[in-house]
>>> print(open('entry_25.cif').read())   # mmCIF, C-alpha atoms and all ligand atoms
data_work
loop_
_atom_site.label_atom_id
_atom_site.label_comp_id
_atom_site.auth_asym_id
_atom_site.auth_seq_id
_atom_site.Cartn_x
_atom_site.Cartn_y
_atom_site.Cartn_z
CA MET A 952 27.25 150.90 148.07
CA SER A 953 25.91 149.05 145.10
CA SER A 954 22.78 150.35 143.41
CA LEU A 955 21.89 147.06 141.73
CA ALA A 956 18.11 147.20 141.35
CA SER A 957 16.16 144.09 142.26
CA PRO A 958 12.83 143.27 140.58
CA HIS A 959 10.89 144.53 143.56
CA GLY A 960 12.34 148.01 143.74
CA THR A 961 15.01 147.64 146.41
CA LYS A 962 18.73 147.79 145.84
CA GLY A 963 21.41 145.51 147.18
CA ALA A 964 25.07 144.67 146.87
CA ALA A 965 25.96 142.76 143.73
CA THR A 966 28.45 140.43 145.39
CA GLY A 967 28.87 138.60 148.66
CA ALA A 968 25.41 137.07 148.67
CA VAL A 969 24.97 134.17 151.07
CA ALA A 970 22.84 131.17 150.19
CA ARG A 971 19.37 131.62 151.65
CA ALA A 972 16.15 129.70 151.26
CA ALA A 973 14.06 130.88 148.30
CA ALA A 974 11.20 128.48 148.86
CA ILE A 975 7.58 129.30 149.57
CA THR A 976 7.50 129.59 153.35
CA ALA A 977 3.89 128.65 154.06
CA PRO A 978 0.86 127.84 151.91
CA GLY A 979 -0.21 130.96 150.05
CA ILE A 980 2.71 133.26 150.88
CA GLY A 981 6.00 133.79 149.08
CA LEU A 982 9.62 134.57 149.90
CA ARG A 983 11.84 136.56 147.54
CA PRO A 984 15.48 137.08 148.61
CA THR A 985 16.85 140.52 147.75
CA GLY A 986 19.87 139.18 145.86
CA GLY A 987 22.08 141.05 148.34
CA PRO A 988 23.98 139.67 151.33
CA LEU A 989 20.88 139.75 153.52
CA GLY A 990 17.16 140.43 153.33
CA ALA A 991 14.10 138.91 151.71
CA GLU A 992 10.62 140.09 150.83
CA ILE A 993 7.62 138.17 152.13
CA THR A 994 4.80 138.43 149.60
CA ASP A 995 1.07 137.77 149.56
CA VAL A 996 0.47 138.27 153.26
CA ASP A 997 -1.69 140.56 155.38
CA LEU A 998 0.06 140.79 158.75
CA ARG A 999 -3.26 141.57 160.46
CA ASN A 1000 -4.46 138.05 159.72
CA ILE A 1001 -1.90 135.30 159.96
CA ASP A 1002 -2.27 131.82 161.39
CA ASP A 1003 0.34 129.94 163.40
CA ALA A 1004 1.78 128.10 160.38
CA THR A 1005 2.29 131.39 158.55
CA PHE A 1006 3.88 132.95 161.60
CA ASP A 1007 6.26 129.99 161.98
CA ALA A 1008 7.28 130.37 158.34
CA ILE A 1009 7.86 134.12 158.75
CA HIS A 1010 9.87 133.49 161.92
CA GLN A 1011 12.12 130.97 160.16
CA ALA A 1012 12.50 133.28 157.16
CA TRP A 1013 13.57 136.05 159.54
CA LEU A 1014 16.26 133.85 161.13
CA ASP A 1015 17.46 132.73 157.68
CA ASN A 1016 17.46 136.13 155.97
CA LEU A 1017 18.14 138.53 158.92
CA VAL A 1018 15.87 141.25 157.50
CA LEU A 1019 12.35 140.84 156.12
CA LEU A 1020 10.37 143.32 154.05
CA VAL A 1021 6.58 143.09 153.82
CA ARG A 1022 5.01 145.64 151.48
CA GLY A 1023 1.49 146.98 151.14
CA GLN A 1024 0.40 146.67 154.77
CA HIS A 1025 -2.39 148.64 156.46
CA LEU A 1026 -1.41 148.47 160.12
CA SER A 1027 -2.82 150.47 163.01
CA ASP A 1028 -0.61 150.85 166.08
CA GLU A 1029 -2.58 147.99 167.68
CA ASP A 1030 -1.91 145.80 164.62
CA LEU A 1031 1.80 146.61 164.70
CA ILE A 1032 1.99 145.76 168.39
CA ALA A 1033 -0.02 142.56 167.94
CA PHE A 1034 2.21 141.30 165.11
CA SER A 1035 5.36 142.30 167.03
CA ARG A 1036 4.16 140.41 170.12
CA ARG A 1037 4.08 137.17 168.17
CA PHE A 1038 7.91 137.31 168.35
CA GLY A 1039 7.95 137.88 172.12
CA ALA A 1040 7.44 140.51 174.81
CA LEU A 1041 8.11 144.09 173.74
CA ASP A 1042 10.52 146.63 175.16
CA HIS A 1043 9.21 150.09 175.85
CA ALA A 1044 10.44 152.73 173.43
CA PRO A 1045 13.61 154.60 174.36
CA ILE A 1046 13.14 158.16 175.59
CA GLN A 1047 13.27 160.61 172.69
CA GLU A 1048 15.62 163.57 172.55
CA ASN A 1049 12.76 165.87 173.50
CA GLY A 1050 11.92 163.84 176.62
CA ARG A 1051 8.75 162.30 175.17
CA ARG A 1052 8.81 158.58 175.35
CA PHE A 1053 6.29 157.05 172.96
CA VAL A 1054 3.04 157.36 171.06
CA ASP A 1055 0.39 158.39 173.57
CA GLY A 1056 -1.21 155.22 174.91
CA TYR A 1057 1.35 152.92 173.25
CA PRO A 1058 4.57 152.90 175.29
CA GLU A 1059 5.96 150.18 172.99
CA ILE A 1060 5.98 152.44 169.93
CA TYR A 1061 9.01 154.58 169.15
CA VAL A 1062 8.36 157.31 166.61
CA VAL A 1063 11.12 157.94 164.07
CA SER A 1064 10.27 161.24 162.43
CA ASN A 1065 11.47 164.71 161.48
CA VAL A 1066 7.95 166.20 161.78
CA ILE A 1067 7.39 169.13 164.15
CA GLU A 1068 3.84 169.69 165.38
CA ASN A 1069 2.95 172.76 167.45
CA GLY A 1070 6.65 173.41 167.94
CA VAL A 1071 7.33 169.91 169.30
CA ALA A 1072 9.10 167.08 167.48
CA ILE A 1073 6.73 164.11 167.23
CA GLY A 1074 9.64 161.65 167.01
CA SER A 1075 13.38 161.06 167.00
CA LEU A 1076 16.36 161.21 164.66
CA GLY A 1077 15.37 164.27 162.61
CA ALA A 1078 16.14 164.34 158.88
CA GLY A 1079 19.90 163.86 159.00
CA GLU A 1080 21.88 160.70 158.60
CA ALA A 1081 21.32 158.03 161.25
CA VAL A 1082 24.73 156.39 161.56
CA TRP A 1083 25.37 152.64 161.61
CA HIS A 1084 24.09 151.04 164.80
CA THR A 1085 22.30 148.21 166.54
CA ASP A 1086 19.18 149.33 168.41
CA MET A 1087 19.59 149.91 172.15
CA SER A 1088 22.80 147.88 172.46
CA TYR A 1089 23.87 150.23 175.28
CA LEU A 1090 21.47 148.22 177.50
CA PRO A 1091 22.48 145.01 179.31
CA ASP A 1092 19.84 143.03 177.41
CA PRO A 1093 19.17 144.71 174.04
CA PRO A 1094 16.13 143.90 171.89
CA LYS A 1095 16.47 140.84 169.65
CA ALA A 1096 14.45 142.43 166.86
CA SER A 1097 12.98 145.71 165.69
CA MET A 1098 10.13 146.42 163.29
CA LEU A 1099 9.78 149.68 161.41
CA TYR A 1100 6.51 150.55 159.69
CA ALA A 1101 6.32 153.37 157.12
CA LEU A 1102 3.40 155.78 157.51
CA GLU A 1103 4.82 158.73 155.51
CA VAL A 1104 7.98 158.75 153.38
CA PRO A 1105 9.84 161.45 151.44
CA PRO A 1106 9.96 161.16 147.63
CA THR A 1107 13.75 160.62 147.78
CA GLY A 1108 16.27 159.95 150.52
CA GLY A 1109 15.73 158.32 153.89
CA ASP A 1110 16.71 154.88 152.55
CA THR A 1111 17.73 152.40 155.26
CA SER A 1112 20.75 150.11 154.83
CA PHE A 1113 21.39 146.87 156.69
CA SER A 1114 24.66 144.99 157.10
CA ASN A 1115 25.15 141.26 157.69
CA MET A 1116 27.22 140.82 160.83
CA TYR A 1117 27.55 137.05 160.40
CA LEU A 1118 29.30 137.76 157.13
CA ALA A 1119 31.31 140.55 158.80
CA HIS A 1120 32.55 137.96 161.30
CA ASP A 1121 33.18 135.22 158.75
CA THR A 1122 35.18 137.51 156.45
CA LEU A 1123 37.16 139.27 159.20
CA PRO A 1124 40.90 138.96 158.55
CA ALA A 1125 42.24 136.16 160.76
CA ASP A 1126 44.77 138.37 162.57
CA LEU A 1127 42.10 140.96 163.45
CA ARG A 1128 39.67 138.26 164.58
CA ALA A 1129 42.35 136.71 166.81
CA ARG A 1130 43.19 140.14 168.24
CA VAL A 1131 39.59 140.96 169.28
CA ALA A 1132 38.39 137.46 170.23
CA GLY A 1133 37.41 137.45 173.90
CA LEU A 1134 37.47 141.25 174.25
CA MET A 1135 34.54 143.18 175.69
CA LEU A 1136 33.32 146.29 173.90
CA LYS A 1137 31.51 149.10 175.70
CA HIS A 1138 28.41 150.17 173.75
CA ASP A 1139 27.88 153.87 174.39
CA GLY A 1140 24.61 155.15 175.83
CA THR A 1141 25.36 158.86 175.45
CA TYR A 1142 24.38 159.50 171.83
CA ASN A 1143 21.64 158.08 169.64
CA SER A 1144 22.20 157.28 165.99
CA GLY A 1145 21.21 160.80 164.95
CA ASN A 1146 24.07 161.97 167.23
CA PHE A 1147 21.61 163.55 169.66
CA VAL A 1148 22.39 163.25 173.40
CA ARG A 1149 19.98 160.85 175.10
CA GLN A 1150 17.59 162.27 177.67
CA GLY A 1151 19.07 162.48 181.19
CA VAL A 1152 22.66 161.69 180.15
CA THR A 1153 25.61 163.97 180.91
CA PRO A 1154 27.51 164.00 177.61
CA THR A 1155 31.17 163.09 177.44
CA ASP A 1156 33.36 162.22 174.48
CA ASP A 1157 35.76 160.15 176.54
CA PRO A 1158 34.68 156.57 175.74
CA ARG A 1159 36.27 155.28 178.95
CA LEU A 1160 33.95 157.47 181.03
CA SER A 1161 30.71 157.45 179.06
CA VAL A 1162 27.63 155.48 180.15
CA GLY A 1163 27.01 152.18 178.39
CA THR A 1164 27.25 148.41 178.64
CA PRO A 1165 30.14 146.10 177.70
CA HIS A 1166 29.29 143.13 175.47
CA PRO A 1167 31.62 140.60 173.79
CA VAL A 1168 32.94 141.81 170.41
CA ILE A 1169 32.25 138.38 168.91
CA CYS A 1170 28.98 136.83 170.02
CA THR A 1171 27.06 133.66 169.25
CA HIS A 1172 23.51 134.07 167.97
CA PRO A 1173 21.20 132.23 170.40
CA GLY A 1174 18.74 131.27 167.65
CA THR A 1175 21.13 130.04 164.94
CA GLY A 1176 24.33 129.22 166.83
CA ARG A 1177 26.30 131.31 164.30
CA ARG A 1178 29.13 133.66 165.30
CA MET A 1179 28.71 137.35 164.56
CA LEU A 1180 30.52 140.63 165.04
CA TYR A 1181 28.65 142.76 167.61
CA LEU A 1182 29.69 146.40 167.32
CA GLY A 1183 26.69 148.56 168.30
CA ARG A 1184 27.84 152.01 167.21
CA ARG A 1185 31.22 153.62 166.65
CA ARG A 1186 30.97 156.87 168.61
CA ASN A 1187 32.33 156.52 172.17
CA ALA A 1188 32.89 152.77 171.73
CA TYR A 1189 35.67 151.37 173.90
CA LEU A 1190 37.44 148.00 174.05
CA MET A 1191 37.51 147.44 177.78
CA GLY A 1192 40.88 147.39 179.48
CA LEU A 1193 42.89 148.56 176.46
CA ASP A 1194 44.89 151.70 176.15
CA LEU A 1195 42.59 154.25 174.46
CA ALA A 1196 44.79 154.59 171.35
CA GLU A 1197 44.92 150.81 170.90
CA SER A 1198 41.16 150.55 171.37
CA GLU A 1199 40.58 153.28 168.76
CA ALA A 1200 42.92 151.65 166.23
CA LEU A 1201 41.28 148.23 166.58
CA LEU A 1202 37.79 149.72 166.42
CA ASP A 1203 38.69 151.68 163.28
CA ALA A 1204 39.85 148.44 161.65
CA LEU A 1205 36.69 146.58 162.72
CA TRP A 1206 34.40 149.36 161.49
CA GLU A 1207 36.22 149.73 158.17
CA HIS A 1208 35.58 146.03 157.63
CA ALA A 1209 31.95 146.05 158.86
CA GLN A 1210 30.91 148.87 156.49
CA ARG A 1211 32.14 147.19 153.29
CA PRO A 1212 29.50 147.43 150.54
CA GLU A 1213 29.44 143.67 149.98
CA LEU A 1214 27.94 143.23 153.47
CA VAL A 1215 25.14 145.74 152.84
CA TRP A 1216 21.63 145.79 151.38
CA THR A 1217 19.65 149.03 151.11
CA HIS A 1218 15.89 149.45 151.26
CA ARG A 1219 14.01 152.29 149.55
CA TRP A 1220 10.77 152.86 151.46
CA ARG A 1221 7.15 153.03 150.31
CA VAL A 1222 4.19 153.82 152.53
CA GLY A 1223 2.85 150.55 153.98
CA ASP A 1224 6.27 148.82 154.12
CA LEU A 1225 7.03 146.86 157.26
CA VAL A 1226 10.69 145.95 157.75
CA LEU A 1227 11.67 143.54 160.49
CA TRP A 1228 15.33 142.99 161.36
CA ASP A 1229 17.27 140.69 163.60
CA ASN A 1230 18.91 143.22 165.88
CA ARG A 1231 21.62 140.78 167.00
CA CYS A 1232 23.26 139.91 163.68
CA THR A 1233 22.63 143.12 161.70
CA MET A 1234 23.41 146.82 161.93
CA HIS A 1235 21.51 149.56 160.12
CA ARG A 1236 21.87 153.18 159.08
CA ARG A 1237 19.61 155.72 157.38
CA ASP A 1238 20.37 158.22 154.62
CA PRO A 1239 19.52 161.88 155.24
CA PHE A 1240 16.54 163.38 153.42
CA ASP A 1241 15.07 166.80 152.65
CA PRO A 1242 13.98 168.26 156.01
CA ALA A 1243 11.10 170.02 154.25
CA CYS A 1244 9.56 166.59 153.51
CA ARG A 1245 7.71 164.46 156.05
CA ARG A 1246 8.91 161.03 157.12
CA VAL A 1247 6.91 159.23 159.82
CA MET A 1248 7.78 155.69 160.90
CA HIS A 1249 6.56 153.69 163.90
CA ARG A 1250 8.97 151.19 165.45
CA THR A 1251 8.61 148.36 167.97
CA GLN A 1252 11.40 146.56 169.80
CA ILE A 1253 11.13 142.88 170.77
CA LYS A 1254 12.89 141.94 174.00
CA GLY A 1255 16.00 139.82 173.87
CA GLU A 1256 15.85 136.45 175.57
CA ALA A 1257 19.43 136.60 176.86
CA PRO A 1258 22.21 139.19 176.94
CA PRO A 1259 24.72 139.00 174.06
CA ALA A 1260 27.23 136.22 174.84
CA ILE A 1261 30.29 134.53 173.33
C1 LIG B 1 16.21 153.28 163.29
O1 LIG B 1 17.43 153.43 163.42
O2 LIG B 1 15.60 152.48 163.99
C2 LIG B 1 15.49 154.06 162.24
C3 LIG B 1 15.97 153.79 160.88
C4 LIG B 1 15.25 154.62 159.86
O3 LIG B 1 14.81 155.73 160.17
O4 LIG B 1 15.12 154.17 158.73
#
>>> encode(input="entry_25.cif", output="structure tokens")
Amino acid sequence: MSSLASPHGTKGAATGAVARAAAITAPGIGLRPTGGPLGAEITDVDLRNIDDATFDAIHQAWLDNLVLLVRGQHLSDEDLIAFSRRFGALDHAPIQENGRRFVDGYPEIYVVSNVIENGVAIGSLGAGEAVWHTDMSYLPDPPKASMLYALEVPPTGGDTSFSNMYLAHDTLPADLRARVAGLMLKHDGTYNSGNFVRQGVTPTDDPRLSVGTPHPVICTHPGTGRRMLYLGRRRNAYLMGLDLAESEALLDALWEHAQRPELVWTHRWRVGDLVLWDNRCTMHRRDPFDPACRRVMHRTQIKGEAPPAI
């Protein structure tokens, strides 16, 4: 992964950038693309107080840039939910590994944290790597967007990377694209991205038998009409109807392509950062960090309007 530093303290891939709007998006706020293959920073905005014109500009910037970063926010859980709801109805948080579901009183908020309080983990995913994934794609109708808000961050580590799945589709070798076009891919519901078994699931490592939902490998984005590769996560993935060895070989080729550094931009967190991603045309992963340090993030998930489709 490239470590090219951008002026605003994030790092992104040096090549493979796609043309994205760099214009001011609404009176008084700014838009600064990362210089990588996806992502832009929205500047000069307080997400607690935005009017409809500003929201429309942010919404368009999100569709154009796939991932938006807004720094220096001071959001309560109510504020995070209120801003998230401007994009649509919210999904409830997935059940955490420890059986807890959400922040008390806020079923929409998923806690991503390694912190243990009174012997109980307050959130999910621990301090290890969170592998490449799309949020909740094991469901029939996965969220269209997620927002992650940083409350506490470690001094180093815990960076989150995003990959551009439009670009992954557009740069897929023609023979591989032809081979997977029209195939359905089962998105596994056994393991989360920290490789923890989800609550209530009987674990299996046979991808033909595991719980999950099949979606087309190549989908069309309902908001932009663009084609994208839709992979979910690698573990226990299965190309429906294929011999297991053939499915594994094709998936290995797709994943090798989808993880190329030129598709990726990486964000280094500060407290008060809000990152919003389009969950349909991106994947993300998180670096491990020192388990002795605290990292506390609150996430919302915005409901999809339609299941992933060709
Ligand atoms: C997530 O996968 O939603 C969390 C990513 C992170 O912890 O940065």
>>> residues_near_ligand(input="entry_25.cif", ligand="ligand LIG 1 (chain B)", cutoff="6 Å", atoms="all atoms listed in the file", output="list in words")
Val1063, Thr1111 and Arg1237 of chain A
>>> atom_distance(input="entry_25.cif", atom1="atom CA of Gly1109 of chain A", atom2="atom CA of Leu1076 of chain A")
11.2 Å
>>> closest_residue(input="entry_25.cif", among="A:Val1062, A:Val1168, A:Ala1243, A:Leu1127", to="Ala1101 of chain A", atoms="all atoms listed in the file")
A:Val1062
>>> atom_distance(input="entry_25.cif", atom1="atom CA of Val1222 of chain A", atom2="atom CA of Val1247 of chain A")
9.5 Å
>>> atom_distance(input="entry_25.cif", atom1="atom CA of Asp1238 of chain A", atom2="atom CA of Lys1254 of chain A")
26.4 Å
>>> closest_residue(input="entry_25.cif", among="A:His1138, A:His1010, A:His1172, A:Arg1149", to="Asn1230 of chain A", atoms="only C-alpha atoms")
A:His1172
>>> residues_around(input="entry_25.cif", residues="Cys1170 of chain A", least_positions_apart="5", cutoff="10 Å", atoms="all atoms listed in the file", output="JSON, numbers by chain")
{"A": [1117, 1120, 1132, 1133, 1176, 1177, 1178, 1179, 1180, 1181, 1182, 1231, 1232, 1258, 1259, 1260, 1261]}
>>> closest_residue(input="entry_25.cif", among="A:Gly1140, A:Asp1241, A:Arg1022, A:Lys1095", to="Pro1045 of chain A", atoms="only C-alpha atoms")
A:Gly1140
>>> closest_residue(input="entry_25.cif", among="A:Ser1088, A:Leu1225, A:Leu1195, A:Trp1216", to="His1166 of chain A", atoms="only C-alpha atoms")
A:Ser1088
>>> residues_around(input="entry_25.cif", residues="Asp997 of chain A", least_positions_apart="6", cutoff="9 Å", atoms="only C-alpha atoms", output="list in words")
Val1021, Gly1023, Gln1024 and His1025 of chain A
>>> closest_residue(input="entry_25.cif", among="A:Gly1108, A:Trp1013, A:Leu1020, A:Phe1034", to="Ile993 of chain A", atoms="all atoms listed in the file")
A:Leu1020
>>> closest_residue(input="entry_25.cif", among="A:Gln1011, A:Asn1069, A:Gln1252, A:Thr1085", to="Arg1236 of chain A", atoms="all atoms listed in the file")
A:Thr1085
